[in-house]
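Coordinates as given in entry33.txt (compact mmCIF, C-alpha atoms and all ligand atoms):
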```
# COMPACT_ATOMS: atom_id res chain seq x y z
CA MET K 1005 7.63 3.79 0.08
CA PRO K 1006 5.15 1.53 -1.72
CA GLU K 1007 1.59 2.03 -0.48
CA GLY K 1008 -1.04 -0.69 -0.09
CA HIS K 1009 -2.13 -0.76 -3.72
CA THR K 1010 1.41 -1.77 -4.77
CA LEU K 1011 1.43 -4.75 -2.39
CA HIS K 1012 -2.05 -5.75 -3.51
CA ARG K 1013 -0.90 -5.76 -7.14
CA LEU K 1014 2.19 -7.71 -6.18
CA ALA K 1015 0.13 -10.42 -4.45
CA ARG K 1016 -2.09 -10.64 -7.52
CA ASP K 1017 0.92 -10.90 -9.86
CA LEU K 1018 2.61 -13.52 -7.69
CA ASP K 1019 -0.58 -15.58 -7.74
CA ALA K 1020 -0.81 -15.31 -11.51
CA ALA K 1021 2.79 -16.46 -11.92
CA PHE K 1022 3.22 -19.05 -9.18
CA ALA K 1023 -0.06 -20.26 -7.60
CA GLY K 1024 -0.29 -24.02 -7.98
CA THR K 1025 3.37 -24.40 -9.02
CA THR K 1026 6.34 -25.68 -7.05
CA PRO K 1027 8.97 -23.04 -7.76
CA SER K 1028 12.61 -23.44 -6.95
CA VAL K 1029 13.37 -21.07 -4.08
CA THR K 1030 16.88 -19.74 -3.65
CA SER K 1031 18.78 -16.80 -2.20
CA PRO K 1032 21.36 -15.77 -4.81
CA GLN K 1033 22.64 -13.07 -2.43
CA GLY K 1034 23.04 -15.67 0.34
CA LYS K 1035 21.26 -13.72 3.09
CA PHE K 1036 18.14 -15.88 3.03
CA THR K 1037 19.65 -19.30 2.32
CA ALA K 1038 18.08 -21.13 5.27
CA GLY K 1039 14.62 -19.60 4.66
CA ALA K 1040 14.80 -20.38 0.96
CA ALA K 1041 15.72 -24.00 1.73
CA LEU K 1042 12.59 -24.26 3.91
CA LEU K 1043 10.34 -23.16 1.03
CA ASP K 1044 12.09 -24.96 -1.80
CA GLY K 1045 10.15 -28.00 -2.98
CA ARG K 1046 6.81 -26.83 -1.53
CA GLU K 1047 3.85 -25.79 -3.62
CA PHE K 1048 3.06 -22.07 -3.73
CA VAL K 1049 -0.59 -21.93 -2.63
CA HIS K 1050 -1.47 -18.23 -2.81
CA ALA K 1051 -0.33 -14.74 -1.94
CA MET K 1052 -2.12 -11.89 -0.20
CA SER K 1053 -1.36 -8.52 1.23
CA TRP K 1054 -2.48 -6.64 4.30
CA GLY K 1055 -1.43 -3.02 4.22
CA LYS K 1056 2.25 -2.96 3.36
CA HIS K 1057 2.84 -6.60 4.33
CA LEU K 1058 2.96 -9.42 1.80
CA PHE K 1059 2.21 -13.00 2.76
CA ALA K 1060 2.64 -16.04 0.51
CA GLU K 1061 1.41 -19.42 1.65
CA PHE K 1062 3.33 -22.56 0.75
CA THR K 1063 2.09 -26.08 1.51
CA ALA K 1064 2.61 -27.64 4.93
CA ASP K 1065 2.08 -24.41 6.89
CA ALA K 1066 5.02 -22.34 5.72
CA TRP K 1067 4.41 -18.67 4.98
CA LEU K 1068 6.73 -16.22 3.34
CA HIS K 1069 6.45 -12.80 4.99
CA VAL K 1070 7.85 -9.77 3.16
CA HIS K 1071 7.89 -6.06 3.92
CA LEU K 1072 9.50 -4.03 1.15
CA GLY K 1073 10.32 -1.03 3.35
CA LEU K 1074 11.54 2.08 1.60
CA ILE K 1075 13.67 0.62 -1.17
CA GLY K 1076 12.61 -3.00 -1.61
CA THR K 1077 11.36 -4.33 -4.95
CA PHE K 1078 9.82 -7.63 -6.03
CA THR K 1079 9.86 -8.03 -9.79
CA ILE K 1080 8.17 -10.84 -11.66
CA ASP K 1081 9.32 -11.64 -15.17
CA ARG K 1082 7.90 -14.04 -17.69
CA HIS K 1083 10.71 -15.85 -19.44
CA ALA K 1084 11.32 -14.85 -23.01
CA TYR K 1085 13.61 -17.84 -23.52
CA VAL K 1086 14.35 -21.27 -22.03
CA GLY K 1087 16.81 -21.37 -19.16
CA GLU K 1088 17.69 -19.54 -16.00
CA MET K 1089 17.48 -15.75 -15.83
CA PRO K 1090 20.76 -14.04 -14.99
CA VAL K 1091 20.94 -12.65 -11.46
CA VAL K 1092 21.11 -8.86 -11.46
CA GLY K 1093 21.96 -7.00 -8.26
CA GLN K 1094 21.45 -8.25 -4.71
CA VAL K 1095 18.64 -10.78 -5.00
CA ARG K 1096 17.56 -11.82 -1.51
CA LEU K 1097 14.96 -14.32 -2.71
CA ARG K 1098 14.31 -15.86 -6.08
CA LEU K 1099 11.24 -17.89 -7.03
CA ALA K 1100 11.64 -19.62 -10.35
CA THR K 1101 9.65 -21.94 -12.57
CA ASP K 1102 10.16 -22.78 -16.23
CA GLU K 1103 7.93 -19.82 -17.07
CA HIS K 1104 8.50 -17.14 -14.44
CA THR K 1105 11.16 -15.68 -12.20
CA GLY K 1106 10.36 -13.50 -9.19
CA ASP K 1107 13.27 -11.58 -7.67
CA LEU K 1108 13.08 -9.82 -4.31
CA ARG K 1109 15.69 -7.16 -3.67
CA GLY K 1110 16.37 -4.89 -0.72
CA PRO K 1111 13.38 -5.75 1.50
CA ASN K 1112 13.04 -4.49 5.03
CA LEU K 1113 11.90 -7.96 6.03
CA CYS K 1114 11.95 -11.41 4.43
CA ALA K 1115 11.18 -14.39 6.66
CA VAL K 1116 9.46 -17.77 6.79
CA ILE K 1117 6.78 -17.79 9.48
CA THR K 1118 4.05 -20.07 10.84
CA PRO K 1119 0.27 -19.61 10.47
CA ASP K 1120 0.15 -18.40 14.11
CA GLN K 1121 2.74 -15.76 13.34
CA VAL K 1122 0.75 -14.65 10.28
CA GLU K 1123 -2.28 -14.20 12.55
CA ALA K 1124 -0.22 -12.25 15.06
CA VAL K 1125 1.13 -9.84 12.42
CA MET K 1126 -2.34 -9.31 10.98
CA GLY K 1127 -3.73 -8.78 14.47
CA ARG K 1128 -1.45 -5.80 14.97
CA LEU K 1129 -2.49 -4.12 11.71
CA GLY K 1130 -5.40 -1.75 11.31
CA PRO K 1131 -8.10 -2.30 8.69
CA ASP K 1132 -6.92 -2.29 5.06
CA PRO K 1133 -9.40 -0.69 2.62
CA LEU K 1134 -8.32 -3.21 -0.04
CA ARG K 1135 -9.10 -6.32 2.02
CA PRO K 1136 -12.34 -8.20 1.27
CA ASP K 1137 -14.07 -7.45 4.60
CA PRO K 1138 -12.18 -4.78 6.53
CA ASP K 1139 -13.55 -3.36 9.77
CA PRO K 1140 -13.21 0.46 9.78
CA GLU K 1141 -14.56 0.49 13.36
CA LEU K 1142 -11.14 -0.72 14.57
CA GLY K 1143 -9.51 2.35 13.06
CA TRP K 1144 -12.15 4.68 14.43
CA ARG K 1145 -11.71 3.44 18.00
CA LYS K 1146 -8.02 4.37 17.90
CA ILE K 1147 -8.55 7.70 16.15
CA THR K 1148 -11.28 8.99 18.42
CA ARG K 1149 -9.19 8.37 21.56
CA SER K 1150 -6.02 9.95 20.25
CA ASN K 1151 -4.58 13.41 20.63
CA ARG K 1152 -2.19 12.75 17.74
CA SER K 1153 -2.93 14.54 14.46
CA ILE K 1154 -5.09 12.83 11.87
CA ALA K 1155 -2.15 13.05 9.44
CA GLU K 1156 0.01 11.07 11.83
CA LEU K 1157 -2.77 8.58 12.62
CA LEU K 1158 -3.44 7.82 8.96
CA MET K 1159 0.23 6.81 8.56
CA ASP K 1160 0.14 4.54 11.63
CA GLN K 1161 -0.26 1.03 10.21
CA GLY K 1162 -1.89 -0.12 13.45
CA VAL K 1163 -4.71 2.39 12.87
CA LEU K 1164 -5.15 2.03 9.13
CA ALA K 1165 -3.10 -0.36 6.99
CA GLY K 1166 -1.86 0.42 3.51
CA VAL K 1167 -2.13 4.20 3.48
CA GLY K 1168 1.14 6.03 2.99
CA ASN K 1169 2.25 9.57 2.44
CA VAL K 1170 0.52 10.17 -0.89
CA TYR K 1171 -2.91 8.77 -0.04
CA ARG K 1172 -2.99 10.53 3.35
CA SER K 1173 -2.27 13.97 1.88
CA GLU K 1174 -4.70 13.51 -0.96
CA VAL K 1175 -7.61 12.04 0.99
CA LEU K 1176 -7.39 14.77 3.65
CA PHE K 1177 -7.59 17.36 0.89
CA ARG K 1178 -10.49 15.58 -0.81
CA GLN K 1179 -12.39 15.55 2.50
CA ARG K 1180 -11.25 19.10 3.40
CA VAL K 1181 -9.76 18.02 6.74
CA HIS K 1182 -6.87 19.98 8.25
CA PRO K 1183 -4.02 17.46 8.60
CA LEU K 1184 -3.03 18.63 12.08
CA ARG K 1185 -6.50 18.21 13.58
CA GLU K 1186 -6.32 15.85 16.55
CA GLY K 1187 -7.87 12.42 16.19
CA ARG K 1188 -10.24 13.02 19.14
CA ARG K 1189 -11.60 16.09 17.37
CA ILE K 1190 -12.43 14.19 14.18
CA LYS K 1191 -16.17 13.61 13.76
CA ARG K 1192 -17.45 10.13 13.13
CA SER K 1193 -18.96 11.28 9.84
CA THR K 1194 -15.55 12.64 8.77
CA TRP K 1195 -13.83 9.32 9.49
CA ASP K 1196 -16.57 7.47 7.60
CA ALA K 1197 -16.05 9.79 4.63
CA ILE K 1198 -12.24 9.31 4.72
CA TRP K 1199 -12.67 5.54 4.90
CA LEU K 1200 -15.22 5.37 2.07
CA ASP K 1201 -13.02 7.60 -0.05
CA LEU K 1202 -10.08 5.23 0.41
CA VAL K 1203 -12.29 2.24 -0.37
CA GLU K 1204 -13.19 3.98 -3.62
CA LEU K 1205 -9.73 5.28 -4.53
CA MET K 1206 -7.35 2.47 -3.62
CA PRO K 1207 -8.75 -0.10 -6.11
CA LEU K 1208 -8.02 2.45 -8.83
CA GLY K 1209 -4.40 2.33 -7.66
CA VAL K 1210 -4.49 -1.46 -7.94
CA ALA K 1211 -5.95 -1.25 -11.45
CA THR K 1212 -3.52 1.34 -12.80
CA GLY K 1213 -0.45 0.99 -10.59
CA LYS K 1214 -0.69 4.71 -9.87
CA ILE K 1215 -2.29 6.68 -7.06
CA VAL K 1216 -5.30 8.30 -8.72
CA THR K 1217 -7.05 10.97 -6.66
CA VAL K 1218 -7.93 13.96 -8.86
CA ALA K 1219 -11.62 13.89 -9.83
CA GLU K 1220 -11.15 13.92 -13.61
CA GLN K 1221 -8.66 11.04 -13.49
CA VAL K 1222 -10.81 9.13 -10.99
CA ALA K 1223 -13.76 9.44 -13.38
CA GLN K 1224 -11.64 8.36 -16.33
CA VAL K 1225 -10.27 5.25 -14.61
CA GLN K 1226 -13.71 4.31 -13.28
CA ALA K 1227 -15.14 4.58 -16.80
CA ASP K 1228 -12.25 2.47 -18.14
CA LEU K 1229 -12.85 -0.17 -15.47
CA ALA K 1230 -16.57 -0.26 -16.28
CA ALA K 1231 -15.65 -0.76 -19.94
CA GLY K 1232 -13.20 -3.51 -18.97
CA GLU K 1233 -10.09 -1.87 -20.34
CA VAL K 1234 -7.79 0.31 -18.24
CA ASP K 1235 -5.62 2.76 -20.06
CA PRO K 1236 -2.38 3.24 -18.16
CA LEU K 1237 -2.30 6.91 -17.16
CA GLU K 1238 0.66 8.73 -18.61
CA GLU K 1239 1.09 11.04 -15.68
CA ARG K 1240 -0.22 11.10 -12.16
CA THR K 1241 -1.51 14.42 -11.00
CA SER K 1242 -2.41 15.28 -7.43
CA TYR K 1243 -4.34 17.90 -5.50
CA VAL K 1244 -1.64 18.70 -2.96
CA TYR K 1245 1.04 15.97 -2.87
CA ARG K 1246 4.42 17.42 -3.94
CA ARG K 1247 2.74 20.67 -5.01
CA ALA K 1248 4.17 22.94 -2.27
CA GLY K 1249 4.01 26.58 -3.35
CA GLU K 1250 1.78 25.81 -6.35
CA PRO K 1251 -1.81 27.09 -6.50
CA CYS K 1252 -4.55 24.92 -5.03
CA ARG K 1253 -6.64 23.38 -7.80
CA ALA K 1254 -9.83 24.34 -5.94
CA CYS K 1255 -9.16 27.84 -4.59
CA GLY K 1256 -5.81 29.08 -5.93
CA SER K 1257 -4.11 29.45 -2.50
CA ARG K 1258 -0.54 28.25 -2.25
CA ILE K 1259 -0.15 24.62 -1.16
CA ARG K 1260 1.71 24.32 2.15
CA THR K 1261 4.11 21.66 3.37
CA GLN K 1262 5.42 20.47 6.75
CA VAL K 1263 7.08 17.28 8.03
CA VAL K 1264 4.61 15.08 9.94
CA ALA K 1265 5.44 11.54 11.09
CA GLY K 1266 8.77 11.80 9.33
CA ARG K 1267 7.36 12.60 5.91
CA ASN K 1268 6.46 15.75 4.02
CA LEU K 1269 2.81 16.54 4.34
CA PHE K 1270 1.00 18.82 1.89
CA TRP K 1271 -2.28 20.69 2.28
CA CYS K 1272 -4.23 23.80 1.34
CA GLY K 1273 -4.57 26.13 4.32
CA ASN K 1274 -7.67 27.69 2.81
CA CYS K 1275 -9.63 24.56 1.81
CA GLN K 1276 -8.56 22.54 4.86
CA ARG K 1277 -9.39 24.69 7.90
CA ARG K 1278 -8.27 24.03 11.45
CA SER K 1279 -11.73 24.22 13.01
ZN ZN C 1301 -7.59 25.37 -1.65
```
The structure given in the file should be rewritten as structure tokens.
Ligand SMILES: [Zn+2]
Amino acid sequence: MPEGHTLHRLARDLDAAFAGTTPSVTSPQGKFTAGAALLDGREFVHAMSWGKHLFAEFTADAWLHVHLGLIGTFTIDRHAYVGEMPVVGQVRLRLATDEHTGDLRGPNLCAVITPDQVEAVMGRLGPDPLRPDPDPELGWRKITRSNRSIAELLMDQGVLAGVGNVYRSEVLFRQRVHPLREGRRIKRSTWDAIWLDLVELMPLGVATGKIVTVAEQVAQVQADLAAGEVDPLEERTSYVYRRAGEPCRACGSRIRTQVVAGRNLFWCGNCQRRS
């Protein structure tokens, strides 16, 4: 499933392609014909993401709300030639101008909603480390009262928005927190460290399109960003994610795995102690 950095990049790319234009909006697949007709002929104002939700504002108070779910994709292509792009696959929603075509396929959710509904959706979501002024206190209040594991809580979009299976495993390793520790047994300083780590790491995901967590790669991308030129990383490495049975990069113990909140969790039993 795409994590928050993917949605943030998507909002940025949609803005670059469509902000200030009046795209034609259609549903080649036919499942979003009425919604597309509502948006067609309106100016695309801007797009933004909150966690795994994408919102695009059109003039006269119409908002497109998209959740990609597990298999959804939203591709944006710049036309290489004049004329309409051929439709490939099941395109739920197409935005098209003379210069760009954006095709949404297989989303979990695609709807036209009102500004009040946008507020309501956002009100149910926890703080997103990629938003301009997130409030980590809201996440902390839910964590410190919960007897659910921190691994489960980090995946709960009402606690923290945008973090998925990869970031949760990696950040818990980086902060040496056992993933099954209950929320109410997490110290405030530990939550602050997890939050600040995500605030540091997730923009690197936006910049590169990959989840960067291993110290050497983090340093490399940060140096690239400071120099103003990001080299796309050839290969993502991780500390624990999808490394079950392999040696921990810090201590050499075997990385463990277990299903938590429906997804495979990975950790080092030696570096990330229970107590
Ligand atoms: Zn270890």
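Shortest separation to ligand ZN 1301 (chain C) among K:Arg1096, K:Arg1178, K:Arg1267, K:Arg1192 occurs at residue K:Arg1178, atoms counted being all atoms listed in the file.
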* If you count all atoms listed in the file, which residues end up within 8 Å of ligand ZN 1301 (chain C), as a PyMOL selection string? -> chain K and resi 1251-1259+1272-1276
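Nearest residue to His1057 (chain K), choosing from K:Val1029, K:Leu1042, K:Ala1231, K:Leu1113 and counting only C-alpha atoms: K:Leu1113.
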Using only C-alpha atoms, find each residue in region 1235-1264 of chain K having at least one atom no more than 8 Å away from region 1160-1177 of chain K; report its shortest atom-to-atom pair and that distance in Å (one decimal), rows by chain then rising number, as a Markdown table.
```
| residue | atom | partner | partner_atom | distance |
| --- | --- | --- | --- | --- |
| K:Ser1242 | CA | K:Glu1174 | CA | 7.1 |
| K:Tyr1243 | CA | K:Glu1174 | CA | 6.3 |
| K:Val1244 | CA | K:Glu1174 | CA | 6.3 |
| K:Tyr1245 | CA | K:Ser1173 | CA | 6.1 |
```
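CA of Glu1007 (chain K) to CA of Pro1207 (chain K) spans 12.0 Å [interatomic distance, one decimal].
Coordinates place CA of Ser1150 (chain K) at a distance of 7.0 Å from CA of Glu1186 (chain K).
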Could you give me, as a PDB file with C-alpha atoms, keeping the file's coordinate frame, the residues within 10 Å of Ser1279 (chain K), counting all atoms listed in the file and dropping anything in the same chain fewer than 4 positions from it?
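Output contents, as saved in selection.pdb:
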```pdb
ATOM      1  CA  VAL K1181      -9.760  18.020   6.740  1.00  0.00           C
ATOM      2  CA  HIS K1182      -6.870  19.980   8.250  1.00  0.00           C
ATOM      3  CA  ARG K1185      -6.500  18.210  13.580  1.00  0.00           C
ATOM      4  CA  ARG K1189     -11.600  16.090  17.370  1.00  0.00           C
TER       5      ARG K1189
END
```
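Rounded to one decimal, CA of Pro1032 (chain K) and CA of Val1125 (chain K) lie 27.2 Å from each other.
The residue set within 8 Å of Leu1058 (chain K), counting only C-alpha atoms and dropping same-chain residues fewer than 6 places from it, reads Leu1011, Ala1015, Ala1051, Met1052, Leu1068, His1069, Val1070 and His1071 of chain K.
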* Asked: Neighbours of Asp1102 (chain K) within 8 Å (only C-alpha atoms; same-chain residues fewer than 4 positions away dropped), as a PyMOL selection string?
  -> chain K and resi 1083+1086-1087
* Contacts of Thr1077 (chain K) within 8 Å, only C-alpha atoms, excl. fewer than 3 positions in-chain, as a VMD selection string -> chain K and resid 1072 1107 to 1111
Need to verify the contact set: Asn1151 (chain K), 12 Å, only C-alpha atoms, exclusion of same-chain residues closer than 3 positions in sequence. Can you return it as a PDB file with C-alpha atoms, in the coordinates of the input?
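New file part17.pdb:
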```pdb
ATOM      1  CA  LYS K1146      -8.020   4.370  17.900  1.00  0.00           C
ATOM      2  CA  ILE K1147      -8.550   7.700  16.150  1.00  0.00           C
ATOM      3  CA  THR K1148     -11.280   8.990  18.420  1.00  0.00           C
ATOM      4  CA  ILE K1154      -5.090  12.830  11.870  1.00  0.00           C
ATOM      5  CA  ALA K1155      -2.150  13.050   9.440  1.00  0.00           C
ATOM      6  CA  GLU K1156       0.010  11.070  11.830  1.00  0.00           C
ATOM      7  CA  LEU K1157      -2.770   8.580  12.620  1.00  0.00           C
ATOM      8  CA  LEU K1184      -3.030  18.630  12.080  1.00  0.00           C
ATOM      9  CA  ARG K1185      -6.500  18.210  13.580  1.00  0.00           C
ATOM     10  CA  GLU K1186      -6.320  15.850  16.550  1.00  0.00           C
ATOM     11  CA  GLY K1187      -7.870  12.420  16.190  1.00  0.00           C
ATOM     12  CA  ARG K1188     -10.240  13.020  19.140  1.00  0.00           C
ATOM     13  CA  ARG K1189     -11.600  16.090  17.370  1.00  0.00           C
ATOM     14  CA  ILE K1190     -12.430  14.190  14.180  1.00  0.00           C
TER      15      ILE K1190
END
```
* Nearest to Ala1197 (chain K): which of K:His1012, K:Gln1179, K:Thr1101, K:Ala1211 is it, counting only C-alpha atoms? -> K:Gln1179
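Nearest residue to Ile1080 (chain K) among K:Ala1020, K:Val1216, K:Leu1269, K:Leu1205 is K:Ala1020, counting only C-alpha atoms.
Candidate residues K:Phe1036, K:Val1095, K:Arg1152, K:Met1005 were compared for distance to Gly1073 (chain K), and the nearest is K:Met1005, using only C-alpha atoms.
Among the candidate residues K:Lys1191, K:Arg1246, K:Leu1074, K:Glu1103, the one lying nearest to Arg1149 (chain K) is K:Lys1191, with distances computed using only C-alpha atoms.
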